[in-house]
Amino acid sequence: MQANLQWLDDPEVFRVNQLPAHSDHHYYHDTAEFKTGSRFIKSLNGAWRFNFAKTPAERPVDFYQPDFDATDFDTIQVPGHIELAGYGQIQYINTLYPWEGKIYRRPPYTLNQDQLTPGLFSDAADNTVGSYLKTFDLDDAFKGQRIIIQFQGVEEALYVWLNGHFIGYAEDSFTPSEFDLTPYIQDQGNVLAVRVYKRSTAAFIEDQDMFRFSGIFRDVNILAEPASHITDLDIRPVPNANLKSGELNITTKVTGEPATLALTVKDHDGRVLTSQTQTGSGSVTFDTMLFDQLHLWSPQTPYLYQLTIEVYDADHQLLEVVPYQFGFRTVELRDDKVIYVNNKRLVINGVNRHEWNAHTGRVISMADMRADIQTMLANNINADRTCHYPDQLPWYQLCDEAGIYLMAENNLESHGSWQKMGAIEPSYNVPGDNPHWLAAVIDRARSNYEWFKNHPSIIFGSLGNESYAGEDIAAMQAFYKEHDDSRLVHYEGVVHTPELKDRISDVESRMYEKPQNIVAYLEDNPTKPFLDCEYMHDMGNSLGGMQSYNDLIDKYPMYQGGFIWDFIDQALFVHDPITDQDVLRYGGDFDERHSDYEFSGDGLMFADRTPKPAMQEVKYYYGLHK
């Protein structure tokens with residue numbers, strides 16, 4: 001198969017040769033590697049050769065050939081944003097598409113249900129292109145193994161070649177993309193070529209309120225899989241009604257040769273609670289394990305059990321060890337129309353959190369993530385909505401450990417397709433009811449579910465943000481309900497299509513609703529509990545009057561709190577030659593037009609993670625309902 005540039009123009013082509021999404025577990029050769037690092041992972045982060053083209057027509061066409069002369073290529077750091085490396089235009093936008101007012105462009109299959117638009121992005125004047133090259137050798141532990149490449153985040157459309165051979169294509173900027181390199185891998189001198197287009201049809205459903213960047217902005221790793229390998233781990237811990245006992249069901253997917261899987265579960269103090277052995281390949285299910293005395297996971301006591309599975313070959317040689325921490329907890333929407341976690345009414349003291357660093361944009365570090373966790377704990381914040389995309393893989397584990405509830409949001413926002421200049425006008429809304437966009441959004445739901453399905457911190461799956469509603473989003477909800485009965489589903493946009501409310505969202509979710517209107521809803525025999533998925537909007541001198549929302553918690557059990565918009569400003573440090581100081585610049589400060597300007601600055605913290613005065617009010621009122 002050869003790469004096809006026209007895939008950029010077709011919403012029904014969003015993955016080619018991409019491996020299926022799976023659980024986010026790690027694997028090691030033995031337990032000693034838990035501390036030293038797995039021999040089965042090799043980072044390709046660092047310096048890559050790089051070429052920037054302003055349009056697809058100007059790209060170096062054959063750059064992926066092993067004998068290509070790349071002496072005139074620049075060097076770029078991976079992970080990183082192309083725009084922050086000095087190429088292209090930095091641009092901040094809230095609702096509109098980046099090309100509005102400059103290029104007439106409508107989503108395929110909307111104005112004409114049977115028609116694509118040739119050259120929509122593949123021959124576009126505003127579609128910048130980054131061509132990346134990386135040469136690497138295989139470590140000894142990788143030789144003779146199945147070799148996978150994992151891109152944890154690439155914005156927005158990704159083509160991959162190895163040693164001159166086309167490997168695959170992917171969209172969905174914020175979930176990992178994996179490809180099998182085994183047929184074309186060499187022990188030495190491998191030439192990995194990656195082409196990243198800033199825009200494809202995915203741009204219509206990745207219209208989030210943020211700076212618009214491109215490039216390889218999360219980690220890139222080479223993974224080696226031993227002869228028998230656990231590719232997926234599905235952990236189902238279910239407390240009984242008494243919340244004192246429960247059962248554990250575990251299913252794995254094993255690729256390669258049949259293997260013996262030795263499972264052990266330990267408590268937080270390292271005591272063995274149960275062990276079991278199963279043999280097979282493909283889908284391998286362990287017998288149900290019973291627990292007589294449970295420790296529940298909650299924000300107050302985020303108790304995690306330690307699962308370990310050792311994989312042995314037919315000669316009982318250890319091939320790999322898979323550890324995973326999991327927790328028991330219940331999430332219920334009862335007949336009284338109130339959500340309970342572990343038999344206690346749920347109160348969300350939440351924030352919406354973009355991933356952000358004032359120096360590197362959405363390229364964030366473990367130190368950034370740990371700092372955000374500590375800020376949440378210090379200010380009585382117990383919940384995070386991952387606005388508006390899946391976050392880096394470690395974030396979910398950190399929230400498990402810290403006891404932070406998660407609303408795990410899909411990478412879906414199509415704001416500019418249905419809201420124009422503040423008016424609701426969905427004439428070319430996507431995904432809507434459009435069958436040509438259905439597979440793409442179901443795939444995003446599948447990826448968000450599969451990667452993070454084992455995390456007790458996730459109590460809501462969120463179908464996306466500000467994408468109106470329709471049959472396609474109803475199908476996303478059906479996917480979640482079919483695969484997971486341990487969580488609820490959230491979606492705010494169905495407020496615009498009340499006829500679909502019985503098929504979309506377990507909660508009544510609104511943005512910036514006035515307290516008196518929430519009272520009117522709650523006193524009118526409502527069918528669902530109420531949740532503010534965005535409220536307060538901490539911009540400028542906002543966030544006053546938080547008590548009026550807090551009072552609702554005490555008076556109405558069906559009011560279950562909300563998520564403040566938002567956690568951290570989106571602003572970038574730039575060196576000011578006049579003052580000779582680094583200063584924070586917001587939207588519109590980069591000569592971009594159009595822009596939504598200082599609207600990028602509505603966090604509880606400045607972009608350098610300095611808390612704003614408003615954080616004091618958050619700490620006080622959120623502390624009243626810990």
# chains A, B, ... in the order shown; residues from 1 in each chain; ligands from 1
call {"tool": "residues_around", "arguments": {"residues": "segment 6-17 of chain A", "least_positions_apart": "6", "cutoff": "10 Å", "atoms": "only C-alpha atoms", "output": "PyMOL selection string"}}
result
chain A and resi 107-109+115-123+157-159+166-172+177-180+197+199-205+435-441+443
call {"tool": "residues_around", "arguments": {"residues": "segment 460-472 of chain A", "least_positions_apart": "6", "cutoff": "9 Å", "atoms": "only C-alpha atoms", "output": "number ranges by chain"}}
result
A: 205, 208, 385, 387-389, 405-419, 426, 429-435, 437-439, 441-442, 445, 448-449, 480, 487-497, 500, 504-505
call {"tool": "residues_around", "arguments": {"residues": "segment 193-195 of chain A", "least_positions_apart": "5", "cutoff": "7 Å", "atoms": "only C-alpha atoms", "output": "PyMOL selection string"}}
result
chain A and resi 64+130-134+158-162
call {"tool": "closest_atom_pairs", "arguments": {"of": "segment 299-380 of chain A", "to": "segment 215-237 of chain A", "cutoff": "10 Å", "atoms": "only C-alpha atoms", "output": "CSV"}}
result
residue,atom,partner,partner_atom,distance
A:Leu307,CA,A:Ile235,CA,9.5
A:Ile309,CA,A:Ile230,CA,9.2
A:Glu310,CA,A:Ile230,CA,9.8
A:Val311,CA,A:Ser228,CA,7.4
A:Tyr312,CA,A:Ser228,CA,8.0
A:Asp313,CA,A:Ser228,CA,7.1
A:Leu319,CA,A:Pro226,CA,6.3
A:Glu320,CA,A:His229,CA,7.3
A:Val321,CA,A:Ile230,CA,9.2
A:Val322,CA,A:Ile230,CA,7.9
A:Tyr324,CA,A:Leu233,CA,9.2
A:Gln325,CA,A:Ile235,CA,9.8
A:Phe326,CA,A:Ile235,CA,7.7
A:Gly327,CA,A:Pro237,CA,7.0
A:Phe328,CA,A:Pro237,CA,5.5
A:Arg329,CA,A:Pro237,CA,7.8
A:Thr330,CA,A:Pro237,CA,9.4
A:Thr360,CA,A:Phe217,CA,9.4
A:Gly361,CA,A:Phe217,CA,9.1
A:Arg362,CA,A:Phe217,CA,7.2
A:Val363,CA,A:Phe217,CA,5.7
A:Ile364,CA,A:Arg218,CA,8.3
A:Ser365,CA,A:Arg218,CA,9.7
call {"tool": "residues_around", "arguments": {"residues": "Thr375 of chain A", "least_positions_apart": "5", "cutoff": "10 Å", "atoms": "only C-alpha atoms", "output": "PyMOL selection string"}}
result
chain A and resi 369-370+380-381+567+605+609+611+615
call {"tool": "write_last_selection", "arguments": {"atoms": "N, CA and C atoms", "output": "PDB file, in the first residue's frame"}}
result
ATOM      1  N   MET A 369       2.501  17.776  35.735  1.00  0.00           N
ATOM      2  CA  MET A 369       1.330  17.011  36.157  1.00  0.00           C
ATOM      3  C   MET A 369       1.284  16.846  37.665  1.00  0.00           C
ATOM      4  N   ARG A 370       2.422  16.537  38.264  1.00  0.00           N
ATOM      5  CA  ARG A 370       2.451  16.379  39.720  1.00  0.00           C
ATOM      6  C   ARG A 370       2.143  17.698  40.422  1.00  0.00           C
ATOM      7  N   ASN A 380      -8.817  21.826  47.704  1.00  0.00           N
ATOM      8  CA  ASN A 380     -10.080  21.079  47.850  1.00  0.00           C
ATOM      9  C   ASN A 380     -10.761  20.786  46.524  1.00  0.00           C
ATOM     10  N   ILE A 381      -9.997  20.761  45.441  1.00  0.00           N
ATOM     11  CA  ILE A 381     -10.520  20.383  44.124  1.00  0.00           C
ATOM     12  C   ILE A 381     -10.493  18.860  44.034  1.00  0.00           C
ATOM     13  N   PHE A 567      -8.675  25.767  34.719  1.00  0.00           N
ATOM     14  CA  PHE A 567      -7.649  25.554  35.737  1.00  0.00           C
ATOM     15  C   PHE A 567      -6.434  26.455  35.548  1.00  0.00           C
ATOM     16  N   MET A 605      -5.096  29.704  37.728  1.00  0.00           N
ATOM     17  CA  MET A 605      -3.677  30.001  37.844  1.00  0.00           C
ATOM     18  C   MET A 605      -3.219  30.733  36.595  1.00  0.00           C
ATOM     19  N   ARG A 609       1.779  28.834  36.521  1.00  0.00           N
ATOM     20  CA  ARG A 609       1.272  28.068  37.649  1.00  0.00           C
ATOM     21  C   ARG A 609       1.278  28.847  38.967  1.00  0.00           C
ATOM     22  N   PRO A 611      -0.911  30.757  41.490  1.00  0.00           N
ATOM     23  CA  PRO A 611      -2.358  30.871  41.728  1.00  0.00           C
ATOM     24  C   PRO A 611      -2.809  32.330  41.688  1.00  0.00           C
ATOM     25  N   MET A 615      -8.322  31.697  43.546  1.00  0.00           N
ATOM     26  CA  MET A 615      -8.111  30.364  44.093  1.00  0.00           C
ATOM     27  C   MET A 615      -8.489  30.310  45.577  1.00  0.00           C
TER      28      MET A 615
END
call {"tool": "closest_atom_pairs", "arguments": {"of": "segment 583-611 of chain A", "to": "segment 96-101 of chain A", "cutoff": "10 Å", "atoms": "only C-alpha atoms", "output": "JSON lines"}}
result
{"residue": "A:Arg593", "atom": "CA", "partner": "A:Pro98", "partner_atom": "CA", "distance": 8.9}
{"residue": "A:His594", "atom": "CA", "partner": "A:Pro98", "partner_atom": "CA", "distance": 7.5}
{"residue": "A:Ser595", "atom": "CA", "partner": "A:Pro98", "partner_atom": "CA", "distance": 8.6}
{"residue": "A:Asp596", "atom": "CA", "partner": "A:Leu96", "partner_atom": "CA", "distance": 9.1}
call {"tool": "closest_residue", "arguments": {"among": "A:Ala241, A:Ala314, A:Leu531, A:Ala53", "to": "Lys198 of chain A", "atoms": "only C-alpha atoms"}}
result
A:Ala53
call {"tool": "select_by_dssp", "arguments": {"residues": "segment 30-218 of chain A", "states": "strand (DSSP E)", "output": "ChimeraX atom specification"}}
result
/A:41-43,46-53,74-78,92-93,129-136,146-151,154-155,157-162,165-170,177-180,190-197,210-211,215-216
call {"tool": "closest_residue", "arguments": {"among": "A:Gln374, A:Leu318, A:Asp139, A:Pro299", "to": "Ser43 of chain A", "atoms": "only C-alpha atoms"}}
result
A:Asp139
call {"tool": "closest_residue", "arguments": {"among": "A:Tyr521, A:Asn357, A:Pro394, A:Lys501", "to": "Ala607 of chain A", "atoms": "only C-alpha atoms"}}
result
A:Asn357
call {"tool": "closest_residue", "arguments": {"among": "A:Ile473, A:Asp372, A:Ile424, A:Gln560", "to": "Val341 of chain A", "atoms": "only C-alpha atoms"}}
result
A:Gln560
call {"tool": "closest_atom_pairs", "arguments": {"of": "segment 513-596 of chain A", "to": "segment 71-84 of chain A", "cutoff": "12 Å", "atoms": "only C-alpha atoms", "output": "JSON lines"}}
result
{"residue": "A:Leu572", "atom": "CA", "partner": "A:Leu84", "partner_atom": "CA", "distance": 9.5}
{"residue": "A:Phe573", "atom": "CA", "partner": "A:Leu84", "partner_atom": "CA", "distance": 10.7}
{"residue": "A:Val574", "atom": "CA", "partner": "A:Leu84", "partner_atom": "CA", "distance": 10.5}
{"residue": "A:Phe590", "atom": "CA", "partner": "A:Glu83", "partner_atom": "CA", "distance": 11.1}
call {"tool": "write_last_selection", "arguments": {"atoms": "N, CA and C atoms", "output": "compact mmCIF listing (two decimals), in the first residue's frame"}}
result
# COMPACT_ATOMS: atom_id res chain seq x y z
N LEU A 572 1.93 32.20 26.77
CA LEU A 572 3.28 31.75 26.48
C LEU A 572 4.31 32.81 26.88
N PHE A 573 5.40 32.36 27.46
CA PHE A 573 6.50 33.26 27.76
C PHE A 573 7.23 33.65 26.47
N VAL A 574 7.42 34.94 26.30
CA VAL A 574 8.17 35.48 25.16
C VAL A 574 9.14 36.52 25.72
N PHE A 590 0.44 37.48 19.05
CA PHE A 590 1.40 36.88 18.11
C PHE A 590 1.07 37.31 16.67
call {"tool": "decode", "arguments": {"residues": "segment 149-174 of chain A", "atoms": "N, CA and C atoms", "output": "compact mmCIF listing (two decimals), in the first residue's frame"}}
result
# COMPACT_ATOMS: atom_id res chain seq x y z
N ILE A 149 5.85 0.89 16.96
CA ILE A 149 6.13 2.30 17.25
C ILE A 149 4.87 2.93 17.81
N GLN A 150 5.06 3.72 18.86
CA GLN A 150 3.95 4.37 19.54
C GLN A 150 4.16 5.89 19.54
N PHE A 151 3.24 6.59 18.91
CA PHE A 151 3.18 8.05 18.97
C PHE A 151 2.07 8.40 19.96
N GLN A 152 2.43 9.03 21.07
CA GLN A 152 1.41 9.29 22.09
C GLN A 152 0.57 10.51 21.78
N GLY A 153 1.04 11.38 20.89
CA GLY A 153 0.22 12.51 20.49
C GLY A 153 0.84 13.24 19.32
N VAL A 154 0.09 13.33 18.22
CA VAL A 154 0.55 14.03 17.01
C VAL A 154 -0.62 14.84 16.48
N GLU A 155 -0.36 16.10 16.25
CA GLU A 155 -1.41 17.00 15.79
C GLU A 155 -1.09 17.47 14.38
N GLU A 156 -1.81 17.07 13.29
CA GLU A 156 -3.14 16.54 13.39
C GLU A 156 -3.29 15.27 12.54
N ALA A 157 -2.63 15.23 11.38
CA ALA A 157 -2.69 14.06 10.52
C ALA A 157 -1.28 13.51 10.33
N LEU A 158 -1.11 12.21 10.50
CA LEU A 158 0.19 11.58 10.62
C LEU A 158 0.39 10.49 9.57
N TYR A 159 1.46 10.59 8.80
CA TYR A 159 1.89 9.53 7.89
C TYR A 159 3.24 9.00 8.38
N VAL A 160 3.45 7.69 8.28
CA VAL A 160 4.68 7.07 8.79
C VAL A 160 5.27 6.13 7.74
N TRP A 161 6.60 6.24 7.57
CA TRP A 161 7.36 5.31 6.73
C TRP A 161 8.56 4.78 7.52
N LEU A 162 9.01 3.57 7.18
CA LEU A 162 10.24 3.02 7.75
C LEU A 162 11.07 2.41 6.63
N ASN A 163 12.29 2.87 6.53
CA ASN A 163 13.23 2.36 5.52
C ASN A 163 12.63 2.35 4.12
N GLY A 164 11.88 3.42 3.82
CA GLY A 164 11.30 3.60 2.50
C GLY A 164 9.94 2.96 2.32
N HIS A 165 9.45 2.21 3.29
CA HIS A 165 8.17 1.50 3.18
C HIS A 165 7.08 2.26 3.95
N PHE A 166 5.94 2.41 3.32
CA PHE A 166 4.82 3.06 4.00
C PHE A 166 4.31 2.17 5.11
N ILE A 167 4.14 2.75 6.28
CA ILE A 167 3.70 2.01 7.46
C ILE A 167 2.23 2.27 7.79
N GLY A 168 1.82 3.54 7.84
CA GLY A 168 0.44 3.79 8.21
C GLY A 168 0.11 5.27 8.32
N TYR A 169 -1.15 5.51 8.62
CA TYR A 169 -1.72 6.86 8.69
C TYR A 169 -2.67 6.92 9.88
N ALA A 170 -2.73 8.08 10.53
CA ALA A 170 -3.65 8.23 11.67
C ALA A 170 -4.04 9.68 11.85
N GLU A 171 -5.25 9.86 12.39
CA GLU A 171 -5.71 11.15 12.89
C GLU A 171 -6.00 10.99 14.38
N ASP A 172 -6.80 11.88 14.97
CA ASP A 172 -7.08 11.89 16.40
C ASP A 172 -5.82 12.28 17.17
N SER A 173 -5.63 13.59 17.33
CA SER A 173 -4.37 14.15 17.82
C SER A 173 -4.00 13.72 19.23
N PHE A 174 -4.99 13.42 20.07
CA PHE A 174 -4.73 13.31 21.50
C PHE A 174 -4.84 11.89 22.05
